[in-house]
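Shown below: query.txt, with compact mmCIF, C-alpha atoms and all ligand atoms.
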# COMPACT_ATOMS: atom_id res chain seq x y z
CA MET A 1 16.03 -67.19 -125.01
CA SER A 2 12.76 -65.37 -125.13
CA ILE A 3 9.52 -67.29 -125.06
CA LEU A 4 7.41 -64.38 -126.17
CA LYS A 5 7.88 -61.13 -128.07
CA GLU A 6 5.09 -58.83 -129.07
CA GLU A 7 4.93 -55.25 -130.34
CA PHE A 8 2.18 -52.73 -129.68
CA PRO A 9 2.10 -49.54 -131.78
CA VAL A 10 1.01 -46.35 -129.98
CA GLU A 11 -0.28 -43.26 -131.75
CA ALA A 12 0.50 -39.70 -130.74
CA MET A 13 -2.33 -37.59 -129.27
CA ASP A 14 -4.94 -40.32 -129.61
CA PHE A 15 -6.76 -40.18 -126.28
CA VAL A 16 -9.45 -42.62 -127.33
CA THR A 17 -7.12 -45.58 -127.70
CA ALA A 18 -4.56 -44.39 -125.12
CA GLY A 19 -4.06 -47.20 -122.63
CA GLU A 20 -5.30 -49.98 -124.91
CA ALA A 21 -1.83 -51.41 -125.44
CA SER A 22 -1.24 -51.48 -121.68
CA ALA A 23 -4.60 -53.17 -121.11
CA GLN A 24 -3.73 -55.81 -123.73
CA ILE A 25 -0.31 -56.37 -122.17
CA LYS A 26 -1.85 -56.74 -118.72
CA ARG A 27 -4.35 -59.33 -119.98
CA LEU A 28 -1.62 -61.23 -121.80
CA LEU A 29 0.59 -61.46 -118.70
CA LYS A 30 -2.39 -62.56 -116.62
CA LYS A 31 -3.15 -65.32 -119.12
CA LEU A 32 0.49 -66.43 -118.96
CA GLY A 33 0.17 -66.75 -115.18
CA VAL A 34 2.77 -64.12 -114.27
CA ASP A 35 2.87 -63.21 -110.55
CA PRO A 36 0.17 -60.59 -109.72
CA GLY A 37 2.70 -58.33 -107.97
CA VAL A 38 4.87 -58.25 -111.10
CA ILE A 39 1.81 -57.61 -113.28
CA ARG A 40 0.80 -54.71 -111.05
CA ARG A 41 4.22 -53.05 -111.19
CA LEU A 42 4.55 -53.64 -114.91
CA SER A 43 1.01 -52.38 -115.66
CA ILE A 44 1.66 -49.10 -113.86
CA ALA A 45 5.00 -48.54 -115.60
CA CYS A 46 3.58 -49.61 -118.96
CA TYR A 47 0.59 -47.29 -118.75
CA GLU A 48 2.82 -44.33 -117.81
CA ALA A 49 5.12 -45.16 -120.75
CA GLU A 50 2.17 -45.47 -123.12
CA ILE A 51 0.69 -42.15 -121.98
CA ASN A 52 4.08 -40.51 -122.55
CA LEU A 53 4.15 -41.87 -126.11
CA VAL A 54 0.68 -40.37 -126.62
CA ILE A 55 1.31 -36.95 -125.07
CA HIS A 56 5.03 -36.31 -125.69
CA SER A 57 6.11 -38.22 -128.82
CA ASP A 58 5.17 -38.26 -132.49
CA GLY A 59 4.29 -41.93 -132.18
CA GLY A 60 6.07 -45.09 -131.14
CA LYS A 61 5.69 -48.60 -129.89
CA LEU A 62 5.87 -50.76 -126.81
CA THR A 63 7.68 -54.09 -127.08
CA LEU A 64 7.02 -56.83 -124.55
CA GLU A 65 9.49 -59.66 -124.25
CA MET A 66 9.45 -62.50 -121.80
CA ASN A 67 11.97 -65.15 -120.83
CA PRO A 68 11.97 -67.54 -117.86
CA GLU A 69 13.75 -64.98 -115.62
CA ASN A 70 12.13 -61.69 -116.48
CA VAL A 71 9.77 -59.59 -118.54
CA SER A 72 11.18 -56.66 -120.43
CA LEU A 73 9.22 -53.71 -121.72
CA ILE A 74 10.73 -51.32 -124.23
CA SER A 75 9.18 -47.99 -125.17
CA GLU A 76 10.59 -46.46 -128.35
CA ASP A 77 9.44 -43.36 -130.15
CA VAL A 78 10.16 -40.84 -132.83
CA GLY A 79 9.79 -37.37 -131.43
CA PRO A 80 11.33 -34.35 -129.76
CA GLY A 81 13.46 -36.32 -127.30
CA ILE A 82 14.40 -35.16 -123.80
CA PRO A 83 17.09 -32.45 -123.45
CA ASP A 84 17.72 -32.91 -119.72
CA ILE A 85 16.94 -36.43 -118.53
CA ASP A 86 17.75 -35.77 -114.83
CA LEU A 87 15.30 -32.87 -114.82
CA ALA A 88 12.64 -34.93 -116.63
CA MET A 89 13.05 -37.73 -114.09
CA SER A 90 12.41 -35.44 -111.12
CA GLU A 91 8.88 -35.67 -109.70
CA GLY A 92 6.65 -32.77 -110.61
CA TYR A 93 8.56 -31.68 -113.72
CA SER A 94 6.35 -31.68 -116.80
CA THR A 95 6.21 -29.92 -120.16
CA ALA A 96 2.66 -31.20 -120.81
CA SER A 97 0.16 -28.66 -122.18
CA ASP A 98 -2.93 -27.47 -120.33
CA ASP A 99 -5.03 -29.57 -122.73
CA VAL A 100 -3.17 -32.69 -121.64
CA ARG A 101 -3.56 -31.70 -117.99
CA MET A 102 -7.31 -31.38 -118.50
CA MET A 103 -7.22 -35.07 -119.49
CA GLY A 104 -5.70 -35.96 -116.12
CA PHE A 105 -2.08 -36.29 -117.21
CA GLY A 106 1.02 -34.16 -116.98
CA ALA A 107 1.60 -34.34 -113.24
CA GLY A 108 5.28 -35.00 -113.89
CA MET A 109 5.27 -38.29 -111.99
CA GLY A 110 5.53 -40.76 -114.87
CA LEU A 111 9.24 -41.36 -115.45
CA ALA A 112 10.00 -41.55 -111.72
CA ASN A 113 7.10 -43.97 -111.29
CA MET A 114 8.42 -46.19 -114.10
CA ALA A 115 11.88 -46.26 -112.53
CA ARG A 116 10.38 -47.08 -109.12
CA ASN A 117 8.25 -49.96 -110.41
CA ALA A 118 10.84 -51.58 -112.68
CA ASP A 119 13.68 -53.69 -111.30
CA ARG A 120 15.98 -52.12 -113.89
CA PHE A 121 15.32 -48.91 -115.79
CA HIS A 122 17.34 -47.40 -118.60
CA ILE A 123 16.50 -44.30 -120.61
CA ASP A 124 18.19 -42.95 -123.73
CA SER A 125 17.07 -39.90 -125.61
CA LYS A 126 18.31 -37.82 -128.54
CA VAL A 127 16.87 -34.35 -129.00
CA GLY A 128 15.06 -34.12 -132.32
CA GLU A 129 15.14 -37.88 -132.83
CA GLY A 130 13.36 -39.76 -130.08
CA THR A 131 13.42 -41.61 -126.80
CA ARG A 132 14.01 -45.23 -125.82
CA ILE A 133 13.20 -46.62 -122.38
CA GLU A 134 14.01 -50.16 -121.32
CA MET A 135 12.45 -51.63 -118.21
CA ILE A 136 13.12 -55.09 -116.78
CA PHE A 137 10.86 -56.82 -114.29
CA ASP A 138 12.26 -59.92 -112.54
CA ILE A 139 9.74 -62.72 -112.35
CA ASN A 140 11.14 -64.78 -109.46
CA LYS A 141 11.89 -62.41 -106.62
CA MET B 1 -16.58 -50.29 -95.99
CA THR B 2 -19.11 -51.57 -98.52
CA LEU B 3 -20.17 -49.62 -101.60
CA LYS B 4 -23.66 -49.62 -100.13
CA ARG B 5 -22.34 -47.71 -97.10
CA ILE B 6 -20.42 -45.32 -99.36
CA CYS B 7 -23.63 -44.54 -101.26
CA GLU B 8 -25.38 -43.85 -97.93
CA ILE B 9 -22.62 -41.60 -96.57
CA LEU B 10 -22.31 -39.61 -99.81
CA SER B 11 -25.99 -39.75 -100.86
CA ALA B 12 -24.54 -41.25 -104.04
CA GLN B 13 -26.31 -43.07 -106.86
CA PRO B 14 -24.98 -46.22 -108.52
CA LEU B 15 -24.40 -45.46 -112.22
CA SER B 16 -22.96 -48.67 -113.63
CA ASP B 17 -24.59 -51.98 -114.56
CA ASN B 18 -24.49 -54.96 -112.17
CA PHE B 19 -23.59 -52.66 -109.29
CA ASP B 20 -21.97 -54.70 -106.52
CA GLU B 21 -23.12 -52.98 -103.33
CA ASP B 22 -21.46 -55.61 -101.15
CA LEU B 23 -17.99 -54.92 -102.55
CA GLU B 24 -15.58 -53.89 -99.77
CA VAL B 25 -12.97 -51.16 -100.03
CA GLN B 26 -10.54 -50.10 -97.33
CA CYS B 27 -8.94 -46.93 -98.60
CA ALA B 28 -9.57 -44.03 -100.96
CA CYS B 29 -7.70 -41.71 -103.28
CA SER B 30 -9.09 -38.35 -104.40
CA SER B 31 -7.58 -36.76 -107.49
CA ASP B 32 -8.18 -35.40 -110.96
CA MET B 33 -4.61 -36.32 -111.92
CA MET B 34 -4.35 -39.95 -112.94
CA SER B 35 -0.56 -39.92 -112.51
CA ASP B 36 -1.08 -39.08 -108.83
CA VAL B 37 -3.31 -42.11 -108.51
CA LEU B 38 -0.71 -44.26 -110.27
CA ALA B 39 2.04 -43.17 -107.88
CA PHE B 40 2.18 -45.28 -104.68
CA PRO B 41 -1.32 -46.84 -104.95
CA LYS B 42 -2.64 -49.28 -102.35
CA GLU B 43 -5.09 -52.13 -102.98
CA HIS B 44 -8.85 -52.29 -102.32
CA MET B 45 -9.22 -48.61 -103.10
CA VAL B 46 -12.13 -46.43 -104.13
CA LEU B 47 -11.23 -43.55 -106.44
CA LEU B 48 -12.94 -40.18 -106.01
CA THR B 49 -12.58 -37.84 -108.96
CA GLY B 50 -14.10 -35.03 -110.98
CA LEU B 51 -12.41 -36.25 -114.15
CA VAL B 52 -14.98 -37.93 -116.40
CA ASN B 53 -13.02 -39.22 -119.41
CA PRO B 54 -12.28 -42.88 -120.30
CA GLN B 55 -8.72 -42.60 -118.96
CA VAL B 56 -10.21 -42.76 -115.46
CA MET B 57 -11.44 -46.28 -116.24
CA ARG B 58 -8.11 -47.19 -117.88
CA THR B 59 -6.36 -46.14 -114.71
CA CYS B 60 -8.77 -48.24 -112.64
CA ASP B 61 -8.23 -51.20 -114.94
CA MET B 62 -4.45 -50.92 -114.57
CA LEU B 63 -4.65 -50.69 -110.76
CA ASP B 64 -7.52 -53.18 -110.25
CA ILE B 65 -9.62 -50.39 -108.74
CA ARG B 66 -13.20 -51.69 -108.67
CA ALA B 67 -15.03 -48.59 -107.40
CA VAL B 68 -15.17 -44.96 -108.56
CA VAL B 69 -17.15 -41.98 -107.22
CA PHE B 70 -17.72 -38.97 -109.48
CA THR B 71 -18.13 -35.85 -107.37
CA ARG B 72 -19.87 -32.48 -107.73
CA GLY B 73 -22.69 -34.01 -109.79
CA LYS B 74 -20.39 -34.79 -112.71
CA LEU B 75 -21.39 -37.75 -114.84
CA PRO B 76 -18.94 -40.03 -116.63
CA SER B 77 -18.80 -39.74 -120.42
CA ALA B 78 -20.67 -42.46 -122.36
CA GLU B 79 -17.33 -44.03 -123.35
CA ALA B 80 -16.13 -44.01 -119.75
CA LEU B 81 -19.32 -45.66 -118.50
CA GLU B 82 -19.18 -48.27 -121.25
CA MET B 83 -15.59 -49.06 -120.34
CA ALA B 84 -16.57 -49.33 -116.68
CA ASN B 85 -19.34 -51.80 -117.51
CA GLU B 86 -16.99 -53.85 -119.70
CA ASN B 87 -14.37 -54.04 -116.98
CA GLY B 88 -16.68 -54.63 -114.02
CA ILE B 89 -15.92 -51.27 -112.40
CA ASN B 90 -18.63 -50.00 -110.02
CA VAL B 91 -19.44 -46.35 -110.66
CA MET B 92 -21.22 -43.95 -108.29
CA GLY B 93 -22.18 -40.29 -108.54
CA THR B 94 -22.59 -37.74 -105.75
CA HIS B 95 -23.44 -34.05 -105.66
CA LEU B 96 -20.90 -33.44 -102.90
CA THR B 97 -17.61 -31.75 -103.75
CA LEU B 98 -14.41 -33.81 -103.90
CA PHE B 99 -13.29 -32.23 -100.60
CA ILE B 100 -16.51 -32.93 -98.68
CA ALA B 101 -16.91 -36.43 -100.11
CA SER B 102 -13.30 -37.27 -99.15
CA GLY B 103 -13.79 -35.86 -95.65
CA LYS B 104 -16.95 -37.86 -95.07
CA LEU B 105 -15.33 -41.13 -96.16
CA TYR B 106 -12.26 -40.40 -94.04
CA GLU B 107 -14.52 -39.76 -91.07
CA GLY B 108 -16.34 -43.00 -91.91
CA GLY B 109 -13.12 -44.97 -91.52
CA LEU B 110 -11.45 -45.21 -94.92
CA TYR B 111 -7.71 -44.59 -94.84
CA ASN B 112 -5.34 -42.96 -97.34
CA GLY B 113 -5.18 -44.96 -100.58
CA THR B 114 -1.70 -43.78 -101.57
CA LYS B 115 1.49 -44.43 -99.66
CA GLY B 116 3.32 -41.47 -98.16
N1 LIG A 201 8.71 -40.07 -124.85
C1 LIG A 201 9.02 -38.80 -124.56
N2 LIG A 201 9.38 -37.94 -125.53
C2 LIG A 201 9.70 -36.65 -125.26
N3 LIG A 201 9.68 -36.14 -124.01
C3 LIG A 201 9.34 -36.93 -123.00
C4 LIG A 201 8.99 -38.31 -123.20
N4 LIG A 201 8.70 -38.85 -122.01
C5 LIG A 201 8.86 -37.88 -121.10
N5 LIG A 201 9.24 -36.72 -121.68
C6 LIG A 201 9.55 -35.44 -121.01
O1 LIG A 201 9.79 -35.70 -119.63
C7 LIG A 201 8.84 -34.97 -118.82
C8 LIG A 201 8.47 -35.77 -117.59
O2 LIG A 201 7.78 -36.96 -117.96
P1 LIG A 201 6.81 -37.65 -116.90
O3 LIG A 201 7.58 -37.87 -115.65
O4 LIG A 201 6.19 -38.85 -117.53
O5 LIG A 201 5.74 -36.53 -116.60
P2 LIG A 201 4.50 -36.02 -117.49
O6 LIG A 201 4.26 -37.02 -118.58
O7 LIG A 201 3.37 -35.96 -116.53
O8 LIG A 201 4.88 -34.68 -118.03
C9 LIG A 201 7.68 -34.68 -119.76
O9 LIG A 201 6.91 -33.58 -119.36
C10 LIG A 201 8.41 -34.44 -121.08
O10 LIG A 201 8.97 -33.14 -121.11
MG MG A 202 4.16 -39.01 -118.18
Can the structure from this file be put into structure tokens for me?
Ligand SMILES: Nc1ncnc2c1ncn2[C@@H]1O[C@H](COP(=O)(O)OP(=O)(O)O)[C@@H](O)[C@H]1O
Ligand SMILES: [Mg+2]
Amino acid sequence: MSILKEEFPVEAMDFVTAGEASAQIKRLLKKLGVDPGVIRRLSIACYEAEINLVIHSDGGKLTLEMNPENVSLISEDVGPGIPDIDLAMSEGYSTASDDVRMMGFGAGMGLANMARNADRFHIDSKVGEGTRIEMIFDINK
Amino acid sequence: MTLKRICEILSAQPLSDNFDEDLEVQCACSSDMMSDVLAFPKEHMVLLTGLVNPQVMRTCDMLDIRAVVFTRGKLPSAEALEMANENGINVMGTHLTLFIASGKLYEGGLYNGTKG
């Protein structure tokens, strides 16, 4: 049973609003009194996921869901997808353009950082269709 | 180390509103890549960077970083400064390079702000 479900659309290549969804999610979890350690891990993973939607996809959304045991965060997009997930997960691998790097992103650390911060991490991707990432954060640990 | 002391060591100017010179930080991270800052961050950190766009402040907001130093005389964009003021992030500017500024703060006693 989920006690909260909220969706946050994220636009591709919009660097002005990039991070706004993550900031909203962080504030929401704070208001709900979620443990600061969980909020910190989730905020980092959420921001990395949001930036990926901005720089790698054609647009997507973040879905936050909460139940008494855990918070789940799902990132879904329409876009090019990831041909080799193991390669994409390795630290330092990035296909980001120089323009994106000039903005401070594209270090190739994002997916690994999401997996590290989430208690459970699952990624699915279809080339030419899109990518779906599900992250679960246990509340009482 | 207080922000007041950081300003002294780096000959830095406070750039944000309601600058809290008594705020204490213990460690620092120097990078123009926000993903590097987001990987293995510690708490009570000051961020040193030459990147001046609003994503710097977003990153600080996500990590509860309350202090940022812009190096090499770079000034934050208007949007970045506005975001800093909204989120209570203390912003400083120094003419020193990222390398020299980092070295001086390390010498002054700050430790590495990222694990590993
Ligand atoms: N949502 C996505 N859609 C398409 N490709 C993606 C997506 N997320 C990640 N990737 C691919 O995986 C690589 C590694 O991602 P990440 O670890 O976040 O590093 P970075 O974003 O810095 O490139 C990206 O460079 C990109 O090729
Ligand atoms: Mg990324």
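Look at segment 7-9 of chain A: the protein and nucleic acid residues within 7 Å of it, using only C-alpha atoms and passing over chain neighbours fewer than 5 places away, are Ala21, Gly60, Lys61, Leu62, Thr63 and Leu64 of chain A.
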Residues within 8 Å of ligand LIG 201 (chain A), counting only C-alpha atoms and all ligand atoms, as a PyMOL selection string
(chain A and resi 48-49+51-53+55-57+75-82+85+87-96+105-113+125+130-132) or (chain B and resi 35)
Pick from B:Asn18, B:Gln13, B:Gln26, B:Asn87, whichever lies nearest to chain A using only C-alpha atoms
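That would be B:Asn87, the residue with the smallest distance to chain A.
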A:Asp58, A:Met103, A:Ala12, A:Ile25: which is nearest chain B, counting only C-alpha atoms?
A:Met103
Report as a PyMOL selection string the set of chain B residues whose atoms approach chain A to within 6 Å, with distances computed over all atoms listed in the file.
chain B and resi 32-34+62
Skipping near chain neighbours, those fewer than 3 positions away, what residues fall within 9 Å of Pro54 of chain B using only C-alpha atoms, listed as an mmCIF file with C-alpha atoms, in the frame of the given file?
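Below is the file that was written, selection-v3.cif:
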data_model
loop_
_atom_site.group_PDB
_atom_site.id
_atom_site.type_symbol
_atom_site.label_atom_id
_atom_site.label_comp_id
_atom_site.auth_asym_id
_atom_site.auth_seq_id
_atom_site.Cartn_x
_atom_site.Cartn_y
_atom_site.Cartn_z
ATOM 1 C CA PHE A 15 -6.760 -40.180 -126.280
ATOM 2 C CA VAL A 16 -9.450 -42.620 -127.330
ATOM 3 C CA MET B 57 -11.440 -46.280 -116.240
ATOM 4 C CA ARG B 58 -8.110 -47.190 -117.880
ATOM 5 C CA THR B 59 -6.360 -46.140 -114.710
ATOM 6 C CA PRO B 76 -18.940 -40.030 -116.630
ATOM 7 C CA SER B 77 -18.800 -39.740 -120.420
ATOM 8 C CA ALA B 78 -20.670 -42.460 -122.360
ATOM 9 C CA GLU B 79 -17.330 -44.030 -123.350
ATOM 10 C CA ALA B 80 -16.130 -44.010 -119.750
ATOM 11 C CA LEU B 81 -19.320 -45.660 -118.500
ATOM 12 C CA GLU B 82 -19.180 -48.270 -121.250
ATOM 13 C CA MET B 83 -15.590 -49.060 -120.340
ATOM 14 C CA ALA B 84 -16.570 -49.330 -116.680
#
Contacts of Leu96 of chain B within 9 Å, all atoms listed in the file, excl. fewer than 5 positions in-chain, as a PyMOL selection string
chain B and resi 10-12+71-73+101
Please indicate the distance in Å from atom CA of Asn90 of chain B to atom CA of Pro14 of chain B, rounded to one decimal place.
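Here the two named atoms are 7.5 Å from each other.
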Which residue of A:Glu65, A:Glu11, A:Glu50, A:Glu6 approaches ligand MG 202 (chain A) most closely, using all atoms listed in the file
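With all atoms listed in the file as the atom set, the closest residue is A:Glu50.
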From atom CA of Asp99 of chain A to atom CA of Cys29 of chain B the spacing works out at 23.1 Å
Measure the distance from atom CA of Gly59 of chain A to atom CA of Met13 of chain A in Å and round it to one decimal.
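Computing the Euclidean distance for atom CA of Gly59 of chain A and atom CA of Met13 of chain A yields 8.4 Å.
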For segment 9-23 of chain B in the structure I just supplied, write out N, CA and C atoms - as an mmCIF file, in the first residue's frame.
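For reference, result_8.cif as written:
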data_model
loop_
_atom_site.group_PDB
_atom_site.id
_atom_site.type_symbol
_atom_site.label_atom_id
_atom_site.label_comp_id
_atom_site.auth_asym_id
_atom_site.auth_seq_id
_atom_site.Cartn_x
_atom_site.Cartn_y
_atom_site.Cartn_z
ATOM 1 N N ILE B 9 42.235 33.553 4.352
ATOM 2 C CA ILE B 9 43.278 32.721 3.733
ATOM 3 C C ILE B 9 43.312 32.913 2.215
ATOM 4 N N LEU B 10 42.128 33.049 1.610
ATOM 5 C CA LEU B 10 42.057 33.121 0.142
ATOM 6 C C LEU B 10 41.932 34.556 -0.383
ATOM 7 N N SER B 11 42.009 35.542 0.509
ATOM 8 C CA SER B 11 41.690 36.930 0.139
ATOM 9 C C SER B 11 40.401 36.960 -0.681
ATOM 10 N N ALA B 12 39.393 36.259 -0.169
ATOM 11 C CA ALA B 12 38.122 36.122 -0.899
ATOM 12 C C ALA B 12 37.084 37.126 -0.410
ATOM 13 N N GLN B 13 36.167 37.468 -1.316
ATOM 14 C CA GLN B 13 35.073 38.377 -0.985
ATOM 15 C C GLN B 13 33.773 37.598 -0.855
ATOM 16 N N PRO B 14 32.971 37.912 0.152
ATOM 17 C CA PRO B 14 31.623 37.337 0.206
ATOM 18 C C PRO B 14 30.782 37.914 -0.933
ATOM 19 N N LEU B 15 30.014 37.076 -1.620
ATOM 20 C CA LEU B 15 29.230 37.539 -2.763
ATOM 21 C C LEU B 15 27.725 37.394 -2.560
ATOM 22 N N SER B 16 27.329 36.583 -1.575
ATOM 23 C CA SER B 16 25.900 36.331 -1.385
ATOM 24 C C SER B 16 25.330 37.182 -0.251
ATOM 25 N N ASP B 17 24.002 37.282 -0.224
ATOM 26 C CA ASP B 17 23.317 38.036 0.828
ATOM 27 C C ASP B 17 23.400 37.271 2.154
ATOM 28 N N ASN B 18 23.237 37.995 3.248
ATOM 29 C CA ASN B 18 23.209 37.380 4.589
ATOM 30 C C ASN B 18 24.362 36.407 4.807
ATOM 31 N N PHE B 19 25.548 36.840 4.399
ATOM 32 C CA PHE B 19 26.730 35.971 4.479
ATOM 33 C C PHE B 19 27.007 35.582 5.929
ATOM 34 N N ASP B 20 27.110 34.278 6.161
ATOM 35 C CA ASP B 20 27.290 33.769 7.527
ATOM 36 C C ASP B 20 28.773 33.461 7.767
ATOM 37 N N GLU B 21 29.515 34.468 8.231
ATOM 38 C CA GLU B 21 30.969 34.296 8.353
ATOM 39 C C GLU B 21 31.356 33.358 9.491
ATOM 40 N N ASP B 22 30.408 33.063 10.374
ATOM 41 C CA ASP B 22 30.707 32.158 11.491
ATOM 42 C C ASP B 22 30.425 30.696 11.160
ATOM 43 N N LEU B 23 29.879 30.446 9.968
ATOM 44 C CA LEU B 23 29.598 29.060 9.569
ATOM 45 C C LEU B 23 30.894 28.255 9.527
#
